[in-house]
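What follows is the content of start.pdb (PDB, C-alpha atoms).
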ATOM      1  CA  MET A   1    -113.759 -85.485  -8.190
ATOM      2  CA  LYS A   2    -114.422 -88.313 -10.645
ATOM      3  CA  PHE A   3    -118.040 -88.417  -9.431
ATOM      4  CA  LEU A   4    -118.503 -84.658 -10.073
ATOM      5  CA  ALA A   5    -117.062 -84.962 -13.572
ATOM      6  CA  SER A   6    -119.375 -87.902 -14.303
ATOM      7  CA  LEU A   7    -122.362 -85.988 -12.937
ATOM      8  CA  ALA A   8    -121.532 -82.940 -15.071
ATOM      9  CA  VAL A   9    -121.264 -85.075 -18.210
ATOM     10  CA  THR A  10    -124.610 -86.724 -17.411
ATOM     11  CA  LEU A  11    -126.389 -83.427 -16.733
ATOM     12  CA  PHE A  12    -125.088 -81.599 -19.773
ATOM     13  CA  ALA A  13    -125.048 -84.478 -22.264
ATOM     14  CA  SER A  14    -128.571 -85.734 -21.574
ATOM     15  CA  PRO A  15    -131.359 -84.331 -23.722
ATOM     16  CA  ALA A  16    -133.747 -81.968 -22.006
ATOM     17  CA  PRO A  17    -136.652 -83.811 -20.427
ATOM     18  CA  ALA A  18    -139.808 -83.484 -22.471
ATOM     19  CA  ASP A  19    -142.768 -81.482 -21.280
ATOM     20  CA  PRO A  20    -144.745 -84.043 -19.215
ATOM     21  CA  SER A  21    -148.038 -82.802 -20.652
ATOM     22  CA  LEU A  22    -146.798 -83.603 -24.167
ATOM     23  CA  LYS A  23    -145.547 -87.064 -23.221
ATOM     24  CA  GLU A  24    -148.969 -87.882 -21.841
ATOM     25  CA  LEU A  25    -151.080 -86.496 -24.674
ATOM     26  CA  SER A  26    -154.380 -88.286 -24.979
ATOM     27  CA  GLY A  27    -157.659 -87.885 -26.748
ATOM     28  CA  THR A  28    -158.655 -86.339 -30.043
ATOM     29  CA  TRP A  29    -157.434 -82.938 -31.213
ATOM     30  CA  ALA A  30    -158.846 -81.323 -34.358
ATOM     31  CA  ASP A  31    -158.890 -78.080 -36.285
ATOM     32  CA  PRO A  32    -161.730 -75.858 -35.043
ATOM     33  CA  ALA A  33    -162.012 -74.585 -38.630
ATOM     34  CA  PRO A  34    -160.163 -75.460 -41.843
ATOM     35  CA  TYR A  35    -156.940 -73.559 -42.362
ATOM     36  CA  VAL A  36    -155.287 -72.355 -45.553
ATOM     37  CA  TYR A  37    -153.030 -75.131 -46.822
ATOM     38  CA  GLY A  38    -151.334 -73.988 -50.007
ATOM     39  CA  PRO A  39    -153.997 -73.445 -52.680
ATOM     40  CA  ALA A  40    -156.658 -75.247 -50.650
ATOM     41  CA  TYR A  41    -157.930 -75.862 -47.105
ATOM     42  CA  GLY A  42    -156.862 -78.550 -44.690
ATOM     43  CA  HIS A  43    -158.646 -80.187 -41.801
ATOM     44  CA  ARG A  44    -156.631 -82.294 -39.333
ATOM     45  CA  SER A  45    -157.795 -84.651 -36.630
ATOM     46  CA  PHE A  46    -155.161 -86.247 -34.380
ATOM     47  CA  THR A  47    -155.644 -88.943 -31.779
ATOM     48  CA  PHE A  48    -153.159 -89.697 -29.017
ATOM     49  CA  ASP A  49    -153.174 -92.717 -26.716
ATOM     50  CA  ARG A  50    -150.245 -93.780 -24.498
ATOM     51  CA  GLY A  51    -147.504 -92.901 -26.988
ATOM     52  CA  ALA A  52    -149.466 -93.884 -30.103
ATOM     53  CA  TRP A  53    -150.875 -91.358 -32.548
ATOM     54  CA  THR A  54    -152.978 -91.122 -35.698
ATOM     55  CA  LEU A  55    -153.692 -88.352 -38.172
ATOM     56  CA  ASP A  56    -156.766 -88.016 -40.368
ATOM     57  CA  PHE A  57    -156.218 -85.156 -42.847
ATOM     58  CA  THR A  58    -158.630 -83.999 -45.546
ATOM     59  CA  LEU A  59    -157.740 -81.412 -48.180
ATOM     60  CA  SER A  60    -160.571 -79.472 -49.851
ATOM     61  CA  PHE A  61    -160.843 -76.687 -52.397
ATOM     62  CA  ASP A  62    -163.258 -74.760 -50.174
ATOM     63  CA  PRO A  63    -163.273 -73.924 -46.463
ATOM     64  CA  ALA A  64    -166.627 -75.701 -45.979
ATOM     65  CA  GLY A  65    -165.104 -79.000 -47.184
ATOM     66  CA  GLU A  66    -167.782 -79.471 -49.826
ATOM     67  CA  VAL A  67    -165.234 -79.985 -52.626
ATOM     68  CA  PRO A  68    -162.732 -82.436 -51.107
ATOM     69  CA  VAL A  69    -159.574 -83.444 -52.979
ATOM     70  CA  PHE A  70    -158.142 -86.284 -50.879
ATOM     71  CA  ARG A  71    -158.013 -87.821 -47.431
ATOM     72  CA  PHE A  72    -154.688 -88.973 -45.930
ATOM     73  CA  ARG A  73    -154.412 -91.132 -42.814
ATOM     74  CA  THR A  74    -151.308 -92.292 -40.976
ATOM     75  CA  GLY A  75    -150.204 -93.400 -37.524
ATOM     76  CA  GLY A  76    -147.629 -95.018 -35.305
ATOM     77  CA  THR A  77    -145.792 -93.986 -32.159
ATOM     78  CA  PHE A  78    -144.337 -90.621 -31.222
ATOM     79  CA  THR A  79    -141.511 -89.390 -29.043
ATOM     80  CA  VAL A  80    -140.936 -85.896 -27.687
ATOM     81  CA  THR A  81    -137.163 -85.560 -28.010
ATOM     82  CA  GLY A  82    -136.387 -82.201 -26.408
ATOM     83  CA  VAL A  83    -136.786 -78.445 -26.449
ATOM     84  CA  SER A  84    -136.807 -76.941 -29.934
ATOM     85  CA  PRO A  85    -133.678 -74.883 -30.515
ATOM     86  CA  THR A  86    -135.451 -72.795 -33.176
ATOM     87  CA  VAL A  87    -139.080 -72.248 -32.086
ATOM     88  CA  ASP A  88    -139.740 -70.575 -28.751
ATOM     89  CA  GLY A  89    -141.827 -72.708 -26.393
ATOM     90  CA  ALA A  90    -141.986 -75.669 -28.794
ATOM     91  CA  TRP A  91    -140.595 -79.173 -28.465
ATOM     92  CA  ASP A  92    -139.015 -81.389 -31.100
ATOM     93  CA  ALA A  93    -141.095 -84.519 -31.666
ATOM     94  CA  ASP A  94    -140.597 -87.533 -33.909
ATOM     95  CA  PHE A  95    -143.733 -89.161 -35.308
ATOM     96  CA  GLY A  96    -143.195 -92.728 -36.454
ATOM     97  CA  GLU A  97    -145.403 -93.700 -39.364
ATOM     98  CA  ASP A  98    -146.169 -97.426 -39.312
ATOM     99  CA  TRP A  99    -148.796 -97.128 -42.050
ATOM    100  CA  LYS A 100    -150.024 -94.599 -44.623
ATOM    101  CA  ARG A 101    -153.326 -94.546 -46.521
ATOM    102  CA  VAL A 102    -154.863 -92.167 -49.041
ATOM    103  CA  THR A 103    -158.312 -91.783 -50.574
ATOM    104  CA  LEU A 104    -158.816 -89.734 -53.730
ATOM    105  CA  LEU A 105    -162.054 -87.793 -53.267
ATOM    106  CA  HIS A 106    -162.239 -85.616 -56.403
ATOM    107  CA  PRO A 107    -163.360 -87.259 -59.670
ATOM    108  CA  ASP A 108    -161.481 -84.954 -62.082
ATOM    109  CA  PRO A 109    -158.263 -86.643 -63.334
ATOM    110  CA  ALA A 110    -156.673 -83.209 -63.778
ATOM    111  CA  VAL A 111    -157.042 -82.626 -60.026
ATOM    112  CA  ALA A 112    -155.330 -85.937 -59.262
ATOM    113  CA  THR A 113    -152.530 -84.957 -61.645
ATOM    114  CA  GLY A 114    -152.210 -81.506 -60.097
ATOM    115  CA  PHE A 115    -151.698 -82.986 -56.637
ATOM    116  CA  GLY A 116    -149.257 -85.665 -57.815
ATOM    117  CA  LEU A 117    -151.715 -88.544 -57.345
ATOM    118  CA  ALA A 118    -152.304 -89.591 -60.978
ATOM    119  CA  ALA A 119    -149.610 -92.304 -61.013
ATOM    120  CA  CYS A 120    -150.873 -93.927 -57.804
ATOM    121  CA  ASP A 121    -153.609 -96.044 -59.410
ATOM    122  CA  LEU A 122    -156.275 -94.691 -57.054
ATOM    123  CA  THR A 123    -160.013 -95.214 -57.382
ATOM    124  CA  VAL A 124    -162.169 -92.270 -56.310
ATOM    125  CA  GLY A 125    -163.714 -92.955 -52.921
ATOM    126  CA  GLU A 126    -161.640 -96.077 -52.141
ATOM    127  CA  GLU A 127    -158.907 -95.936 -49.496
ATOM    128  CA  ALA A 128    -155.550 -97.299 -50.704
ATOM    129  CA  ASP A 129    -152.738 -98.526 -48.467
ATOM    130  CA  ILE A 130    -149.622 -96.707 -49.706
ATOM    131  CA  SER A 131    -147.331 -97.889 -46.890
ATOM    132  CA  ALA A 132    -145.145 -99.997 -49.209
ATOM    133  CA  THR A 133    -145.229 -97.821 -52.319
ATOM    134  CA  GLY A 134    -145.762 -94.228 -51.307
ATOM    135  CA  CYS A 135    -147.930 -91.989 -53.479
ATOM    136  CA  GLY A 136    -147.352 -88.478 -54.794
ATOM    137  CA  PRO A 137    -146.308 -86.272 -51.872
ATOM    138  CA  TRP A 138    -145.967 -89.233 -49.461
ATOM    139  CA  LYS A 139    -142.971 -91.550 -49.422
ATOM    140  CA  SER A 140    -143.271 -95.205 -48.457
ATOM    141  CA  VAL A 141    -142.881 -96.184 -44.804
ATOM    142  CA  ALA A 142    -139.467 -97.723 -45.638
ATOM    143  CA  ALA A 143    -138.259 -94.493 -47.282
ATOM    144  CA  CYS A 144    -139.737 -92.203 -44.620
ATOM    145  CA  PRO A 145    -140.577 -93.994 -41.381
ATOM    146  CA  THR A 146    -140.522 -90.817 -39.259
ATOM    147  CA  ASP A 147    -141.786 -87.260 -39.558
ATOM    148  CA  HIS A 148    -139.534 -84.880 -37.626
ATOM    149  CA  ASP A 149    -141.933 -82.260 -36.314
ATOM    150  CA  LEU A 150    -142.662 -79.746 -33.578
ATOM    151  CA  LEU A 151    -145.232 -79.658 -30.776
ATOM    152  CA  LYS A 152    -146.334 -76.725 -28.670
ATOM    153  CA  LEU A 153    -149.142 -76.957 -26.126
ATOM    154  CA  THR A 154    -150.798 -73.713 -24.997
ATOM    155  CA  GLU A 155    -154.181 -72.650 -23.698
ATOM    156  CA  ALA A 156    -155.194 -72.110 -27.352
ATOM    157  CA  GLY A 157    -154.487 -75.744 -28.229
ATOM    158  CA  LEU A 158    -151.818 -78.009 -29.670
ATOM    159  CA  GLN A 159    -149.606 -76.758 -32.480
ATOM    160  CA  PHE A 160    -147.468 -78.695 -34.950
ATOM    161  CA  GLY A 161    -144.819 -77.562 -37.403
ATOM    162  CA  GLN A 162    -145.844 -76.134 -40.770
ATOM    163  CA  ARG A 163    -145.068 -78.726 -43.443
ATOM    164  CA  PRO A 164    -142.727 -77.564 -46.206
ATOM    165  CA  ALA A 165    -144.049 -77.245 -49.769
ATOM    166  CA  ASP A 166    -142.417 -80.554 -50.752
ATOM    167  CA  ASN A 167    -143.959 -82.333 -47.708
ATOM    168  CA  GLU A 168    -140.484 -83.690 -46.804
ATOM    169  CA  MET A 169    -139.850 -84.035 -43.053
ATOM    170  CA  CYS A 170    -138.117 -87.422 -43.161
ATOM    171  CA  THR A 171    -134.858 -86.254 -41.587
ATOM    172  CA  ALA A 172    -134.194 -84.081 -38.551
ATOM    173  CA  ASP A 173    -132.688 -81.317 -40.687
ATOM    174  CA  ARG A 174    -136.132 -80.947 -42.361
ATOM    175  CA  ARG A 175    -137.899 -80.242 -39.062
ATOM    176  CA  PRO A 176    -140.185 -77.178 -39.475
ATOM    177  CA  THR A 177    -139.324 -73.804 -37.983
ATOM    178  CA  VAL A 178    -142.841 -72.298 -38.051
ATOM    179  CA  LEU A 179    -145.994 -73.507 -36.287
ATOM    180  CA  THR A 180    -149.457 -74.188 -37.722
ATOM    181  CA  PRO A 181    -152.679 -72.897 -36.209
ATOM    182  CA  PRO A 182    -153.605 -74.954 -33.133
ATOM    183  CA  VAL A 183    -155.835 -77.995 -33.064
ATOM    184  CA  VAL A 184    -158.130 -78.162 -30.046
ATOM    185  CA  ARG A 185    -159.155 -81.004 -27.762
ATOM    186  CA  GLN A 186    -162.479 -82.521 -28.790
TER     187      GLN A 186
END

What does the file become when written as structure tokens?
Amino acid sequence: MKFLASLAVTLFASPAPADPSLKELSGTWADPAPYVYGPAYGHRSFTFDRGAWTLDFTLSFDPAGEVPVFRFRTGGTFTVTGVSPTVDGAWDADFGEDWKRVTLLHPDPAVATGFGLAACDLTVGEEADISATGCGPWKSVAACPTDHDLLKLTEAGLQFGQRPADNEMCTADRRPTVLTPPVVRQ
């Protein structure tokens, strides 16, 4: 009887096993076309390799990407933690951010101010490591070492959670509840 009780506790207390295809993500996944991201357009490119990940995100004023605002890059390790209790078919995933870098791409100081980048001492066209300090919408690695996100893999591609307006996903209670358009394997 003690064995059955122990088995029941183990079965019901353990987190759901992650989708094996998500645990073994590999390669590059990118937006097939820019998507509406607030007042602008975003283009994401993710790489996955044996539990490590990177993101290369560029925000532009136009869908063609001819008037870019900034480029943000980050990466670390990720863990699929279990089935999402709020989004059908999705999985909760935690993305560790070991480093964060931003490049201001628009020369107008008013644009930098509008996106919260004016106080970051950025030089247009030069990548800055903001891991220790944070910058505008991004907290430092120490203040926000993990993005609590969603993943959903379908025939259409790989979907993530829609970031909130304040960009804050540093705690599990800030995990998104809506998915973005899918990125596709390159």

Please identify all polymer residues within 8 Å of Arg44 (chain A), counting only C-alpha atoms, omitting same-chain residues fewer than 3 positions from it, and present them as a compact mmCIF listing (two decimals) with C-alpha atoms, in the coordinates of the input.
# COMPACT_ATOMS: atom_id res chain seq x y z
CA ALA A 30 -158.85 -81.32 -34.36
CA ASP A 31 -158.89 -78.08 -36.28
CA LEU A 55 -153.69 -88.35 -38.17
CA ASP A 56 -156.77 -88.02 -40.37
CA PHE A 57 -156.22 -85.16 -42.85
CA THR A 58 -158.63 -84.00 -45.55
CA VAL A 183 -155.84 -78.00 -33.06

Can you pull out every residue within 12 Å of Pro39 (chain A), counting only C-alpha atoms, but drop anything in the same chain fewer than 4 positions away, and send it as a PyMOL selection string? chain A and resi 35+59-63+69+114-115+165

Could you tell me, as a list in words, exactly which residues end up selected when the PyMOL selection byres ((chain A and resi 141) around 12) is applied to this structure?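 Applied to this file, the PyMOL selection byres ((chain A and resi 141) around 12) returns Thr74, Gly75, Gly76, Phe95, Gly96, Glu97, Asp98, Trp99, Lys100, Arg101, Asp129, Ile130, Ser131, Ala132, Thr133, Gly134, Cys135, Trp138, Lys139, Ser140, Ala142, Ala143, Cys144, Pro145, Thr146, Asp147 and Cys170 of chain A.
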
Enumerate, as a PDB file with C-alpha atoms, in the frame of the given file, the residues matched when the PyMOL selection byres ((chain A and resi 47) around 10) is run on the file above.
ATOM      1  CA  LEU A  25    -151.080 -86.496 -24.674  1.00  0.00           C
ATOM      2  CA  SER A  26    -154.380 -88.286 -24.979  1.00  0.00           C
ATOM      3  CA  GLY A  27    -157.659 -87.885 -26.748  1.00  0.00           C
ATOM      4  CA  THR A  28    -158.655 -86.339 -30.043  1.00  0.00           C
ATOM      5  CA  TRP A  29    -157.434 -82.938 -31.213  1.00  0.00           C
ATOM      6  CA  ALA A  30    -158.846 -81.323 -34.358  1.00  0.00           C
ATOM      7  CA  SER A  45    -157.795 -84.651 -36.630  1.00  0.00           C
ATOM      8  CA  PHE A  46    -155.161 -86.247 -34.380  1.00  0.00           C
ATOM      9  CA  PHE A  48    -153.159 -89.697 -29.017  1.00  0.00           C
ATOM     10  CA  ASP A  49    -153.174 -92.717 -26.716  1.00  0.00           C
ATOM     11  CA  ALA A  52    -149.466 -93.884 -30.103  1.00  0.00           C
ATOM     12  CA  TRP A  53    -150.875 -91.358 -32.548  1.00  0.00           C
ATOM     13  CA  THR A  54    -152.978 -91.122 -35.698  1.00  0.00           C
ATOM     14  CA  LEU A  55    -153.692 -88.352 -38.172  1.00  0.00           C
ATOM     15  CA  ASP A  56    -156.766 -88.016 -40.368  1.00  0.00           C
ATOM     16  CA  GLY A  75    -150.204 -93.400 -37.524  1.00  0.00           C
ATOM     17  CA  ARG A 185    -159.155 -81.004 -27.762  1.00  0.00           C
ATOM     18  CA  GLN A 186    -162.479 -82.521 -28.790  1.00  0.00           C
TER      19      GLN A 186
END

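Here CA of Ala93 (chain A) and CA of Asn167 (chain A) stand 16.4 Å from one another.
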
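Closest approach to Cys120 (chain A) among A:Thr79, A:Gln159, A:Thr103, A:Thr171: A:Thr103, based on all atoms listed in the file.
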
Could you check which of A:Phe72, A:Leu179, A:Val80, A:Asp173 is closest to Gly136 (chain A), using only C-alpha atoms?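 The answer is A:Phe72, which sits nearest to Gly136 (chain A).
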
Can you pull out the residues contacting Glu127 (chain A)? Cut-off 10 Å, using only C-alpha atoms, and skip same-chain residues under 5 positions away; I want them as a list in words. Phe70, Arg71, Phe72, Arg73, Arg101, Val102, Thr103, Leu104, Leu105 and Leu122 of chain A

Tell me which residues the PyMOL selection byres ((chain A and resi 158) around 9) grabs here, as number ranges by chain. A: 29, 151-157, 159-160, 181-185

Would you kindly place N, CA, C and O atoms on region 110-132 of chain A and return the model as a compact mmCIF listing (two decimals), keeping the file's coordinate frame?
# COMPACT_ATOMS: atom_id res chain seq x y z
N ALA A 110 -157.60 -84.34 -63.79
CA ALA A 110 -156.67 -83.21 -63.78
C ALA A 110 -156.34 -82.79 -62.34
O ALA A 110 -155.22 -82.35 -62.07
N VAL A 111 -157.29 -82.95 -61.44
CA VAL A 111 -157.04 -82.63 -60.03
C VAL A 111 -156.05 -83.63 -59.44
O VAL A 111 -155.10 -83.25 -58.76
N ALA A 112 -156.27 -84.91 -59.73
CA ALA A 112 -155.33 -85.94 -59.26
C ALA A 112 -153.93 -85.66 -59.79
O ALA A 112 -152.94 -85.74 -59.05
N THR A 113 -153.83 -85.29 -61.05
CA THR A 113 -152.53 -84.96 -61.64
C THR A 113 -151.91 -83.75 -60.96
O THR A 113 -150.73 -83.76 -60.61
N GLY A 114 -152.71 -82.73 -60.72
CA GLY A 114 -152.21 -81.51 -60.10
C GLY A 114 -151.66 -81.72 -58.70
O GLY A 114 -150.77 -81.00 -58.26
N PHE A 115 -152.17 -82.70 -57.99
CA PHE A 115 -151.70 -82.99 -56.64
C PHE A 115 -150.73 -84.16 -56.59
O PHE A 115 -150.39 -84.66 -55.52
N GLY A 116 -150.26 -84.60 -57.75
CA GLY A 116 -149.26 -85.66 -57.82
C GLY A 116 -149.80 -87.05 -57.53
O GLY A 116 -149.04 -87.95 -57.17
N LEU A 117 -151.10 -87.27 -57.69
CA LEU A 117 -151.72 -88.54 -57.34
C LEU A 117 -152.06 -89.41 -58.56
O LEU A 117 -152.51 -90.54 -58.41
N ALA A 118 -151.86 -88.88 -59.77
CA ALA A 118 -152.30 -89.59 -60.98
C ALA A 118 -151.62 -90.94 -61.17
O ALA A 118 -152.24 -91.89 -61.64
N ALA A 119 -150.36 -91.06 -60.80
CA ALA A 119 -149.61 -92.30 -61.01
C ALA A 119 -149.83 -93.34 -59.91
O ALA A 119 -149.23 -94.41 -59.96
N CYS A 120 -150.70 -93.05 -58.97
CA CYS A 120 -150.87 -93.93 -57.80
C CYS A 120 -151.93 -94.99 -57.98
O CYS A 120 -152.18 -95.77 -57.06
N ASP A 121 -152.58 -95.04 -59.13
CA ASP A 121 -153.61 -96.04 -59.41
C ASP A 121 -154.71 -96.04 -58.34
O ASP A 121 -155.08 -97.09 -57.80
N LEU A 122 -155.23 -94.83 -58.06
CA LEU A 122 -156.28 -94.69 -57.05
C LEU A 122 -157.65 -94.72 -57.70
O LEU A 122 -157.83 -94.28 -58.83
N THR A 123 -158.62 -95.23 -56.97
CA THR A 123 -160.01 -95.21 -57.38
C THR A 123 -160.74 -94.22 -56.48
O THR A 123 -160.61 -94.30 -55.25
N VAL A 124 -161.47 -93.29 -57.08
CA VAL A 124 -162.17 -92.27 -56.31
C VAL A 124 -163.05 -92.93 -55.25
O VAL A 124 -163.82 -93.85 -55.55
N GLY A 125 -162.89 -92.48 -54.02
CA GLY A 125 -163.71 -92.96 -52.92
C GLY A 125 -163.23 -94.22 -52.24
O GLY A 125 -163.82 -94.64 -51.24
N GLU A 126 -162.16 -94.85 -52.75
CA GLU A 126 -161.64 -96.08 -52.14
C GLU A 126 -160.28 -95.81 -51.49
O GLU A 126 -159.35 -95.36 -52.16
N GLU A 127 -160.17 -96.13 -50.21
CA GLU A 127 -158.91 -95.94 -49.50
C GLU A 127 -157.87 -96.94 -50.00
O GLU A 127 -158.17 -98.12 -50.18
N ALA A 128 -156.65 -96.45 -50.25
CA ALA A 128 -155.55 -97.30 -50.70
C ALA A 128 -154.42 -97.27 -49.68
O ALA A 128 -154.05 -96.20 -49.19
N ASP A 129 -153.89 -98.43 -49.36
CA ASP A 129 -152.74 -98.53 -48.47
C ASP A 129 -151.50 -98.22 -49.29
O ASP A 129 -151.16 -98.95 -50.22
N ILE A 130 -150.82 -97.12 -48.96
CA ILE A 130 -149.62 -96.71 -49.71
C ILE A 130 -148.36 -96.90 -48.86
O ILE A 130 -147.30 -96.36 -49.19
N SER A 131 -148.46 -97.67 -47.80
CA SER A 131 -147.33 -97.89 -46.89
C SER A 131 -146.10 -98.41 -47.62
O SER A 131 -144.97 -97.98 -47.36
N ALA A 132 -146.28 -99.36 -48.52
CA ALA A 132 -145.15 -100.00 -49.21
C ALA A 132 -144.67 -99.22 -50.43
O ALA A 132 -143.50 -99.30 -50.79
